[in-house]
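Student: Below is a structure I'd like to ask you about.
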Protein chains: 2
Amino acid sequence: MAQLKGACIFGQSGGPTAVINASAAGVIQEALKQDCITEVYGAAHGIKGILNEVFYDMGKEDPYELDLLKTTPSSALGSVRYKLKNTDEDESDYKKLLEVFRKYNIRYFFYNGGNDSMDTCNKVSKYLQKVGYECRVIGIPKTIDNDLWGTDHCPGYGSAAKYIATSVMEVYHDARVYDTGMITVLEIMGRNAGWLTAAAHLASYKGAGPDLIYLPEKPFDLDSFLDQAVSIFKKNGNCIAAVSEGIKDKDGVYISEYGSDLAKSKDAFGHAQLGGLAATLANIVKQKTGAKVRGIEFSLLQRCAAHLASLTDVNEAYMAGQEAVRCAVEGKTDFMVAFERAAGDSYQCNIKLVNLTDVANAEKKVPLEWIKDDDTGLTDDFVKYALPLIQGESKPPVEDGLPRFARLRKVLARK
Amino acid sequence: MAQLKGACIFGQSGGPTAVINASAAGVIQEALKQDCITEVYGAAHGIKGILNEVFYDMGKEDPYELDLLKTTPSSALGSVRYKLKNTDEDESDYKKLLEVFRKYNIRYFFYNGGNDSMDTCNKVSKYLQKVGYECRVIGIPKTIDNDLWGTDHCPGYGSAAKYIATSVMEVYHDARVYDTGMITVLEIMGRNAGWLTAAAHLASYKGAGPDLIYLPEKPFDLDSFLDQAVSIFKKNGNCIAAVSEGIKDKDGVYISEYGSDLAKSKDAFGHAQLGGLAATLANIVKQKTGAKVRGIEFSLLQRCAAHLASLTDVNEAYMAGQEAVRCAVEGKTDFMVAFERAAGDSYQCNIKLVNLTDVANAEKKVPLEWIKDDDTGLTDDFVKYALPLIQGESKPPVEDGLPRFARLRKVLARK
């Protein structure tokens with residue numbers, strides 16, 4: 001394959017994670033080393049930055065700050081949720097993108113995100129192929145939800161899982177100190193796939209986890225939940241349940257939507273109380289049992305906790321970015337970088353490439369056979385799968401007792 | 001002072017913290033070394049364990065596990081919220097306690113907790129003096145709220161402050177990645193004193209903190225909050241507000257009660273149970289502005305995050321326990337161990353003793369002159385006060401990528 005000379009552009013897309021910037025560091029540092037890559041651009045807010053011609057010259061950044069990206073949470077370049085139309089519907093975005101790529105001689109496009117972002121990446125790749133504009137397009141996986149097809153796991157998941165399992169262990173200790181017990185409901189992210197909520201089971205594996213775990217892969221039955229929670233509470237004096245934000249009943253209705261009907265709490269202004277699923281379920285449990293309850297929502301904390309990241313995850317996220325650049329330079333295009341677990345007992349993560357067409361918009365859920373029938377947790381297969389992903393401690397350098405995150409200069413590319 | 005020979009008993013009381021067990025380690029390890037202390041008992045659930053004669057023989061614990069208490073969050077012996085009646089109302093608890101103390105020849109009583117617990121400790125001390133039972137009574141401060149009178153600061157505060165400031169910095173990065181902004185409301189513990197919420201300002205000090213901070217020390221005005229939040233949102237495209245759970249309007253009504261049925265339940269001390277404030281405020285902001293909002297409640301996570309404890313706090317909590325024992329052995333009684341900051345620019349924390357009578361039920365609030373008039377944060381005096389307390393990294397040993405907390409045997413004392 002002939003060497004392709006030109007600029008590269010990199011974009012971050014979808015929800016932030018603790019390690020998406022580690023992938024950014026991998027892409028940028030590797031791209032800056034490559035002779036055939038003339039300029040390294042970072043798109044502001046992903047695809048929108050390309051369309052609006054707002055991107056940064058990453059060669060102008062301080063190398064020390066670029067290195068700090070490895071331990072800086074969230075999307076340093078800005079992220080976006082923007083769905084490209086299909087080309088047969090409306091080609092205008094694609095034409096604009098092509099114009100920008102031509103203007104800056106962009107020949108390498110790296111896009112880092114989850115399902116929707118891989119769809120964007122795939123569409124851009126196919127359009128550029130169709131119009132015959134030579135450009136190497138590689139997607140880089142990212143999602144705490146861990147639901148991308150074609151990869152053993154996704155960068156971002158290990159760190160979120162480590163945060164969740166650690167925090168659940170801490171809450172477990174906190175929630176049982178009084179002689180009068182409590183029912184605690186923990187709400188964890190994951191709209192359609194239960195990987196994150198399953199991570200709470202790692203705390204159970206260490207003897208300090210939830211009694212009950214509910215993933216969106218299985219219909220949620222409120223009566224059965226109440227029966228089980230109350231029975232455990234009566235027996236042990238305490239009960240902790242971990243629920244995915246995306247649990248639905250057998251009719252496909254989100255349990256979080258029960259809130260307005262069942263909780264019926266209105267404030268002094270007549271506003272219905274905006275509460276999450278944890279608050280809703282805790283309220284229902286309280287009304288039914290009179291038990292002391294607490295609903296805890298891990299909220300954004302679970303996806304941006306760089307202070308408790310998995311070193312394995314950080315290193316793999318970096319590697320994914322780095323390998324994306326290497327593969328593109330070697331002539332590969334129209335792929336997503338993916339992880340493959342080596343056979344054998346000791347954990348080893350290898351890189352492979354999967355077709356963007358296959359990965360776009362496909363979803364990988366927790367296998368039903370890994371979920372215990374009685375909702376008390378996951379099987380050992382899950383522990384074997386997940387435990388290697390949370391190994392190793394990564395945290396940002398500390399300054400004044402607080403994390404020192406990267407501070408980018410964000411010099412706009414010359415038009 | 002003649003040496004007093006006998007058993008000691010130690011109890012944990014009130015809300016758990018990341019470092020209350022470090023104080024336990026200090027008391028137990030020091031007491032086990034003292035010749036005049038014949039047995040070291042740990043009360044199950046504080047004063048209730050004494051009254052019910054349920055306590056553990058701490059000499060039977062594995063020294064390695066006792067050492068792990070330094071990095072184990074929550075109250076390992078169990079905590080309690082139980083208010084002793086005044087002796088002129090009802091002496092029965094006191095008589096029972098005296099009977100137990102006589103039976104086990106308990107001559108040292110160490111009680112670790114916040115305002116209510118120091119009240120308990122004081123009442124026990126005064127009763128034992130009144131009836132002429134020789135027993136050395138020393139209180140050990142503990143509260144993430146940092147509101148105990150007579151001490152520069154309280155064990156537990158530094159770690160909670162470090163967790164809050166770090167998490168706020170991470171949320172700051174997460175909450176501004178999209179090109180369409182968001183108003184984020186962070187709810188932080190602190191019923192009457194705003195020390196914990198003030199800790200969010202340490203994130204501002206590092207350039208990644210809230211735009212607005214509201215402490216319970218000042219009446220909260222909803223209209224003024226809305227005006228300020230919307231004005232900042234319009235100007236910057238984002239706004240983060242940190243609010244104490246205990247903020248009240250000018251009529252003394254908790255803002256959380258504007259929206260929560262749960263808030264109507266009261267705990268054993270008659271305190272209203274607070275919660276749901278972030279959701280309530282976020283909802284009001286959404287209805288008034290149409291902006292994207294998110295309410296985040298740090299909940300229990302802020303008081304049990306041993307994985308992100310302040311080493312300064314851990315060491316001082318241990319020292320407070322250790323010094324309580326040493327002072328008692330030297331003949332001191334009816335005091336609380338307290339911290340005094342040495343004069344000069346470099347931080348040094350010394351031990352002093354304050355009268356239990358003075359400390360019981362007194363409250364120390366954030367000085368009004370440290371709170372900026374425009375609600376944008378705290379003054380440099382606060383930063384100078386708080387920053388030394390969050391220095392140094394303490395975390396539990398790691399096993400399988402997760403914290404390894406202490407596992408006590410809890411051998412019941414022989415009756």
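Chain labels A, B, ... are given in the sequence in which chains occur in the structure tokens; within each chain residues are numbered consecutively from 1, and ligands are likewise numbered from 1 in the order shown.
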Near chain A, which residues of chain B fall within 7 Å when you count only C-alpha atoms, and what do they look like as a ChimeraX atom specification?
Tutor: /B:16,45,73-75,78-80,166-167,170-171,173-174,177-179,258-261,279-280,283,296,299-301,304-305,390-392,400-403
Student: Just list the residues in region 12-124 of chain B DSSP gives strand (DSSP E) on the backbone, as a list of chain:residue names.
Tutor: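 For region 12-124 of chain B, the strand (DSSP E) set is B:Gln12, B:Ile37, B:Thr38, B:Glu39, B:Val40, B:Tyr41, B:Gly42, B:Ala43, B:Phe55, B:Tyr56, B:Asp57, B:Ile106, B:Arg107, B:Tyr108, B:Phe109, B:Phe110, B:Tyr111, B:Asn112, B:Gly113.
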Student: Can you give me the C-alpha RMSD, to one decimal in Å, for chain A fitted onto chain B with all Cα atoms paired in order?
Tutor: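 Across all paired C-alpha atoms, the RMSD is 3.8 Å.
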Student: Give me the residues within 6 Å of Leu412 (chain B) as a list in words, counting only C-alpha atoms and dropping any in the same chain fewer than 4 places off.
Tutor: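 The residues satisfying every condition are Phe55, Tyr56 and Asp57 of chain B.
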Student: Limited to N, CA and C atoms, could you put the picked residues into a file as an mmCIF file, in the first residue's frame?
Tutor:
data_model
loop_
_atom_site.group_PDB
_atom_site.id
_atom_site.type_symbol
_atom_site.label_atom_id
_atom_site.label_comp_id
_atom_site.auth_asym_id
_atom_site.auth_seq_id
_atom_site.Cartn_x
_atom_site.Cartn_y
_atom_site.Cartn_z
ATOM 1 N N PHE B 55 -20.717 -6.196 73.744
ATOM 2 C CA PHE B 55 -19.465 -5.595 73.271
ATOM 3 C C PHE B 55 -18.407 -6.657 73.028
ATOM 4 N N TYR B 56 -17.434 -6.225 72.241
ATOM 5 C CA TYR B 56 -16.435 -7.170 71.723
ATOM 6 C C TYR B 56 -15.112 -7.022 72.476
ATOM 7 N N ASP B 57 -14.412 -8.134 72.539
ATOM 8 C CA ASP B 57 -13.083 -8.144 73.150
ATOM 9 C C ASP B 57 -12.060 -7.835 72.059
#
Student: Show me, as a PyMOL selection string, the residues that have an atom within 10 Å of Gln29 (chain A) when counting only C-alpha atoms, minus same-chain residues fewer than 5 positions from it.
Tutor: chain A and resi 23-24+34+40+58-59+63+66-67+318+321-322+325
Student: Fewer than 2 positions away in the same chain doesn't count, so skip those; otherwise give me all residues within 8 Å of region 186-192 of chain A, counting only C-alpha atoms, as an MDAnalysis selection string.
Tutor: chainID A and resid 145 184 194:197 216:217 240:247 277:278 295:299 365
Student: Which residues, written as an MDAnalysis selection string, have at least one atom at most 8 Å from Lys218 (chain A), with only C-alpha atoms counted and residues fewer than 3 positions away on the same chain left out?
Tutor: chainID A and resid 214:215 247 368
Student: Distance CA of Trp149 (chain A)-CA of Lys384 (chain A), one decimal place?
Tutor: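 Going from CA of Trp149 (chain A) over to CA of Lys384 (chain A), I get 19.5 Å.
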Student: List every residue of region 38-91 of chain A that DSSP, applied to the backbone, labels as alpha helix (DSSP H), and write the result as a list in words.
Tutor: Gly46, Ile47, Lys48, Gly49, Ile50, Leu51, Pro63, Tyr64, Glu65, Leu66, Asp67 and Leu68 of chain A
Student: If we count only C-alpha atoms and set the cut-off at 7 Å, which residues sit around region 116-126 of chain A, ignoring sequence neighbours fewer than 4 positions away in its own chain? Please answer as number ranges by chain.
Tutor: A: 13-14, 83-84, 111, 130, 137, 139, 334, 356-357, 359-361
Student: Report, in Å to a single decimal, how far apart CA of Glu316 (chain A) and CA of Ala22 (chain A) are.
Tutor: 8.7 Å
Student: Out of B:Leu128, B:Ala31, B:Cys239, B:Ile37, which residue has the shortest atom-to-atom distance to Leu4 (chain B) when counting only C-alpha atoms?
Tutor: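 Result for the nearest residue to Leu4 (chain B): B:Ile37.
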Student: CA of Tyr82 (chain B) and CA of Val100 (chain B), how far apart in Å?
Tutor: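 Atom-to-atom, CA of Val100 (chain B) to CA of Tyr82 (chain B), that is 17.8 Å.
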